[in-house]
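> Attaching a single structure in structure tokens format; questions to follow.
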Amino acid sequence: MKCLNCDFETSGSFCQNCGQKTSTTRFSFKQIFKNDIASKYYSFMNNGIFFTLKELATRPGHSIKEYLLGKRASHMNYMSLFVLLSGLGILLDGYSKVSLATIISTNKEEQSLISNYFNFVRDNPKTFIFITIPIIAFFTFQFYKKSKFNYSEHLILNIYKASALLIISKLIVLFSIITSNISFLKVINQIVDYGIIAYSFWFLYQFFYDENLYSKAGIITRTILSVVLGMLFSSIFMFIYWFITVMILKL
């Protein structure tokens with residue numbers, strides 16, 4: 001059999017000289033769709049950021065657990081993902097018609113305080129990670145000790161979770177680009193807040209659920225406590241850090 005590409009006498013599925021398939025045939029619509037469109041789309045959507053976002057949207061706890069246990073080739077690095085999404089979030093904020101501070105409060109002084117704090121958190125994603133994630137990871141580590149994941153692994157799983165929560169939190173920005181109706185945006189903001197809590201619960205429940213380690217009631221209780229306490233204490237420490245930073249800059 002001669003290779004159609006280099007005329008080398010060959011056998012088997014591939015040419016030993018140039019590597020081309022020996023089963024090369026004329027093009028057809030089926031071949032174009034199967035080999036060029038569908039395969040490239042599948043490859044594109046299952047690589048790096050797109051694969052990671054798809055997994056975080058459909059099976060977050062399961063996929064990140066698999067990542068920590070060794071299936072890492074297709075996932076985007078946890079820190080790179082969070083920093084990239086933070087940058088996209090900053091870009092998106094520039095098109096908003098209404099600030100989040102205006103949606104949350106009607107008091108001008110409160111709006112200024114909230115706005116300054118949110119801008120600081122948004123513009124310092126690595127600082128946010130280094131302050132809040134260790135605290136959140138502390139609670140998941142304490143409540144799920146039987147799972148045998150070490151503290152470093154708890155840090156990583158919570159960074160992935162924070163990336164997904166960042167996307168959810170930006171839904172309010174998307175709506176504020178479309179409309180400046182404060183009453184409507186307040187409702188959307190409440191839905192987003194509930195969505196953040198629900199997603200956090202879903203993520204951790206999927207990740208840690210193991211009927212051999214915890215009862216269903218036990219995993220629900222641990223998940224609720226880790227989500228609530230993690231959010232509460234990480235927010236407090238982040239606010240304290242921001243307040244101290246502001247005071248130092250004023251000196």
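Following the order of the structure tokens, chains are lettered A, B, ..., residues in each are numbered from 1, and ligands are numbered from 1.
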Name all residues at most 7 Å from region 49-59 of chain A (count only C-alpha atoms; drop same-chain ones fewer than 4 positions away) and give them as an mmCIF file with all heavy atoms, in the first residue's frame.

data_model
loop_
_atom_site.group_PDB
_atom_site.id
_atom_site.type_symbol
_atom_site.label_atom_id
_atom_site.label_comp_id
_atom_site.auth_asym_id
_atom_site.auth_seq_id
_atom_site.Cartn_x
_atom_site.Cartn_y
_atom_site.Cartn_z
ATOM 1 N N MET A 45 -13.828 22.280 24.408
ATOM 2 C CA MET A 45 -14.643 22.401 25.610
ATOM 3 C C MET A 45 -14.152 21.504 26.739
ATOM 4 O O MET A 45 -14.631 21.612 27.857
ATOM 5 C CB MET A 45 -16.108 22.073 25.295
ATOM 6 C CG MET A 45 -16.784 23.081 24.383
ATOM 7 S SD MET A 45 -16.741 24.768 25.027
ATOM 8 C CE MET A 45 -17.810 24.625 26.448
ATOM 9 N N SER A 63 -15.988 16.555 40.695
ATOM 10 C CA SER A 63 -14.855 16.821 39.792
ATOM 11 C C SER A 63 -13.617 17.302 40.544
ATOM 12 O O SER A 63 -12.498 16.894 40.239
ATOM 13 C CB SER A 63 -15.247 17.850 38.725
ATOM 14 O OG SER A 63 -15.534 19.102 39.306
ATOM 15 N N SER A 74 -6.909 17.867 32.608
ATOM 16 C CA SER A 74 -7.885 18.711 31.903
ATOM 17 C C SER A 74 -8.263 19.979 32.667
ATOM 18 O O SER A 74 -8.834 20.898 32.084
ATOM 19 C CB SER A 74 -9.157 17.900 31.603
ATOM 20 O OG SER A 74 -8.866 16.811 30.756
ATOM 21 N N HIS A 75 -7.996 20.029 33.960
ATOM 22 C CA HIS A 75 -8.393 21.172 34.777
ATOM 23 C C HIS A 75 -7.405 22.330 34.666
ATOM 24 O O HIS A 75 -6.200 22.122 34.522
ATOM 25 C CB HIS A 75 -8.485 20.772 36.249
ATOM 26 C CG HIS A 75 -9.728 20.026 36.600
ATOM 27 N ND1 HIS A 75 -9.879 18.682 36.346
ATOM 28 C CD2 HIS A 75 -10.894 20.435 37.175
ATOM 29 C CE1 HIS A 75 -11.071 18.288 36.773
ATOM 30 N NE2 HIS A 75 -11.701 19.323 37.275
ATOM 31 N N MET A 76 -7.945 23.536 34.755
ATOM 32 C CA MET A 76 -7.096 24.716 34.849
ATOM 33 C C MET A 76 -6.603 24.859 36.282
ATOM 34 O O MET A 76 -7.337 24.540 37.232
ATOM 35 C CB MET A 76 -7.882 25.964 34.446
ATOM 36 C CG MET A 76 -7.045 27.226 34.364
ATOM 37 S SD MET A 76 -7.995 28.638 33.741
ATOM 38 C CE MET A 76 -6.678 29.861 33.602
ATOM 39 N N ALA A 164 -16.007 29.562 41.493
ATOM 40 C CA ALA A 164 -17.392 29.389 41.063
ATOM 41 C C ALA A 164 -18.306 30.446 41.710
ATOM 42 O O ALA A 164 -19.190 31.000 41.051
ATOM 43 C CB ALA A 164 -17.880 27.986 41.423
#
> Just want the 9 Å neighbourhood of region 206-210 of chain A, counted on only C-alpha atoms, with same-chain residues fewer than 2 positions away dropped. Output as number ranges by chain.
A: 59-65, 144, 147, 157, 201-204, 212-216, 219, 223
> What does the distance between CA of Ile114 (chain A) and CA of Phe233 (chain A) come to in Å, to one decimal place?
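Computing it gives 17.8 Å between the two atoms.
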> Could you pull the residues within 12 Å of Gly94 (chain A), counting only C-alpha atoms, minus those fewer than 3 positions along the same chain, as a list of chain:residue names?
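Once the nearby chain positions are removed, what remains is A:Gly87, A:Leu88, A:Gly89, A:Ile90, A:Leu91, A:Lys97, A:Val98, A:Ser99, A:Asn119, A:Arg122, A:Val173, A:Leu174, A:Ser176, A:Ile177.
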> What does the file look like for those residues with N, CA, C and O atoms, as an mmCIF file, in the first residue's frame?

data_model
loop_
_atom_site.group_PDB
_atom_site.id
_atom_site.type_symbol
_atom_site.label_atom_id
_atom_site.label_comp_id
_atom_site.auth_asym_id
_atom_site.auth_seq_id
_atom_site.Cartn_x
_atom_site.Cartn_y
_atom_site.Cartn_z
ATOM 1 N N GLY A 87 -9.959 39.102 37.086
ATOM 2 C CA GLY A 87 -9.663 40.110 36.073
ATOM 3 C C GLY A 87 -10.847 40.365 35.159
ATOM 4 O O GLY A 87 -11.160 41.517 34.830
ATOM 5 N N LEU A 88 -11.530 39.295 34.759
ATOM 6 C CA LEU A 88 -12.722 39.439 33.930
ATOM 7 C C LEU A 88 -13.826 40.152 34.691
ATOM 8 O O LEU A 88 -14.593 40.939 34.118
ATOM 9 N N GLY A 89 -13.893 39.895 36.003
ATOM 10 C CA GLY A 89 -14.887 40.563 36.840
ATOM 11 C C GLY A 89 -14.649 42.063 36.918
ATOM 12 O O GLY A 89 -15.590 42.858 36.865
ATOM 13 N N ILE A 90 -13.388 42.462 37.035
ATOM 14 C CA ILE A 90 -13.037 43.887 37.063
ATOM 15 C C ILE A 90 -13.439 44.549 35.744
ATOM 16 O O ILE A 90 -13.993 45.655 35.727
ATOM 17 N N LEU A 91 -13.184 43.863 34.648
ATOM 18 C CA LEU A 91 -13.555 44.381 33.321
ATOM 19 C C LEU A 91 -15.060 44.538 33.205
ATOM 20 O O LEU A 91 -15.558 45.550 32.702
ATOM 21 N N LYS A 97 -24.201 49.946 35.359
ATOM 22 C CA LYS A 97 -24.883 51.234 35.488
ATOM 23 C C LYS A 97 -25.104 51.613 36.953
ATOM 24 O O LYS A 97 -25.261 52.790 37.279
ATOM 25 N N VAL A 98 -25.129 50.595 37.817
ATOM 26 C CA VAL A 98 -25.404 50.808 39.239
ATOM 27 C C VAL A 98 -24.385 50.018 40.052
ATOM 28 O O VAL A 98 -24.138 48.846 39.775
ATOM 29 N N SER A 99 -23.795 50.657 41.047
ATOM 30 C CA SER A 99 -22.827 49.948 41.894
ATOM 31 C C SER A 99 -23.547 49.023 42.865
ATOM 32 O O SER A 99 -24.710 49.257 43.224
ATOM 33 N N ASN A 119 -14.481 47.430 46.321
ATOM 34 C CA ASN A 119 -13.441 47.743 45.325
ATOM 35 C C ASN A 119 -12.088 47.192 45.751
ATOM 36 O O ASN A 119 -11.304 46.708 44.919
ATOM 37 N N ARG A 122 -12.208 43.418 45.200
ATOM 38 C CA ARG A 122 -12.172 43.143 43.764
ATOM 39 C C ARG A 122 -10.778 43.364 43.172
ATOM 40 O O ARG A 122 -10.302 42.571 42.351
ATOM 41 N N VAL A 173 -23.970 41.979 38.462
ATOM 42 C CA VAL A 173 -23.323 42.970 37.592
ATOM 43 C C VAL A 173 -23.910 42.893 36.184
ATOM 44 O O VAL A 173 -24.159 43.916 35.544
ATOM 45 N N LEU A 174 -24.138 41.671 35.699
ATOM 46 C CA LEU A 174 -24.725 41.500 34.370
ATOM 47 C C LEU A 174 -26.095 42.170 34.281
ATOM 48 O O LEU A 174 -26.410 42.848 33.294
ATOM 49 N N SER A 176 -27.105 44.605 36.204
ATOM 50 C CA SER A 176 -26.943 46.057 36.378
ATOM 51 C C SER A 176 -26.415 46.725 35.110
ATOM 52 O O SER A 176 -26.480 47.947 34.987
ATOM 53 N N ILE A 177 -25.903 45.940 34.180
ATOM 54 C CA ILE A 177 -25.514 46.471 32.874
ATOM 55 C C ILE A 177 -26.755 46.698 32.015
ATOM 56 O O ILE A 177 -26.839 47.657 31.250
#
> Just the alpha helix (DSSP H) stuff from region 42-213 of chain A, please, per backbone DSSP, written as number ranges by chain.
A: 42-45, 48-58, 60-68, 78-93, 100-104, 108-123, 125-143, 151-169, 171-178, 182-208
> Measuring between only C-alpha atoms, which one of A:Pro134, A:Gly230, A:Ser86, A:Leu166 shows the shortest distance to Ser152 (chain A)?
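Of all the options, A:Pro134 lies closest to Ser152 (chain A).
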> Please provide as a PyMOL selection string all residues within 10 Å of Ser115 (chain A), with the sequence filter that same-chain residues fewer than 6 positions apart are discarded (counting only C-alpha atoms).
chain A and resi 99-102+104+109+121
> Just give me the gap between CA of Ile167 (chain A) and CA of Phe184 (chain A) in Å, one decimal is fine.
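Interatomic distance here is 19.9 Å.
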> Between A:Leu4, A:Met231, A:Ile168, A:Ile182, which one has atoms that come closest to Gln20 (chain A), using only C-alpha atoms?
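Nearest candidate to Gln20 (chain A) out of A:Leu4, A:Met231, A:Ile168, A:Ile182: A:Leu4.
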> Env of Lys126 (chain A): 9 Å cut, atoms = only C-alpha atoms, seq-sep filter 6 positions within chain, self excluded. Answer as an MDAnalysis selection string.
chainID A and resid 79 82:83
> Can I get the selection written as a PDB file, in the first residue's frame, with all heavy atoms?

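This went into again05.pdb:
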ATOM      1  N   MET A  79      -5.306  28.560  41.157  1.00  0.00           N
ATOM      2  CA  MET A  79      -4.967  29.964  41.365  1.00  0.00           C
ATOM      3  C   MET A  79      -5.098  30.763  40.070  1.00  0.00           C
ATOM      4  O   MET A  79      -5.614  31.888  40.073  1.00  0.00           O
ATOM      5  CB  MET A  79      -3.546  30.094  41.921  1.00  0.00           C
ATOM      6  CG  MET A  79      -3.161  31.525  42.317  1.00  0.00           C
ATOM      7  SD  MET A  79      -4.224  32.220  43.611  1.00  0.00           S
ATOM      8  CE  MET A  79      -3.589  31.340  45.045  1.00  0.00           C
ATOM      9  N   PHE A  82      -8.795  31.522  39.431  1.00  0.00           N
ATOM     10  CA  PHE A  82      -9.376  32.574  40.260  1.00  0.00           C
ATOM     11  C   PHE A  82      -8.882  33.958  39.834  1.00  0.00           C
ATOM     12  O   PHE A  82      -9.666  34.898  39.741  1.00  0.00           O
ATOM     13  CB  PHE A  82      -9.035  32.349  41.737  1.00  0.00           C
ATOM     14  CG  PHE A  82      -9.739  33.316  42.653  1.00  0.00           C
ATOM     15  CD1 PHE A  82     -11.030  33.060  43.077  1.00  0.00           C
ATOM     16  CD2 PHE A  82      -9.122  34.486  43.077  1.00  0.00           C
ATOM     17  CE1 PHE A  82     -11.697  33.958  43.900  1.00  0.00           C
ATOM     18  CE2 PHE A  82      -9.770  35.388  43.894  1.00  0.00           C
ATOM     19  CZ  PHE A  82     -11.066  35.122  44.312  1.00  0.00           C
ATOM     20  N   VAL A  83      -7.597  34.078  39.553  1.00  0.00           N
ATOM     21  CA  VAL A  83      -7.040  35.371  39.140  1.00  0.00           C
ATOM     22  C   VAL A  83      -7.628  35.803  37.794  1.00  0.00           C
ATOM     23  O   VAL A  83      -7.967  36.967  37.592  1.00  0.00           O
ATOM     24  CB  VAL A  83      -5.498  35.304  39.071  1.00  0.00           C
ATOM     25  CG1 VAL A  83      -4.932  36.584  38.465  1.00  0.00           C
ATOM     26  CG2 VAL A  83      -4.914  35.086  40.466  1.00  0.00           C
TER      27      VAL A  83
END
> Quick one: distance from CA of Asn116 (chain A) to CA of Trp242 (chain A) in Å, one decimal?
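Going from CA of Asn116 (chain A) over to CA of Trp242 (chain A), I get 9.3 Å.
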> Give me the residues near Ser200 (chain A) as a short mmCIF file (atom, residue, chain, number, x, y, z; two decimals) with C-alpha atoms, in the first residue's frame, where near means some atom within 8 Å (using only C-alpha atoms) and where sequence neighbours in that chain fewer than 5 positions away do not count.

data_model
loop_
_atom_site.label_atom_id
_atom_site.label_comp_id
_atom_site.auth_asym_id
_atom_site.auth_seq_id
_atom_site.Cartn_x
_atom_site.Cartn_y
_atom_site.Cartn_z
CA LYS A 161 -15.27 26.86 45.11
CA LEU A 165 -18.88 31.75 43.68
CA VAL A 227 -20.50 27.13 55.04
#
> Using only C-alpha atoms, can you tell me which of A:Leu84, A:Met247, A:Leu113, A:Met238 comes closest to Phe130 (chain A)?
A:Met238
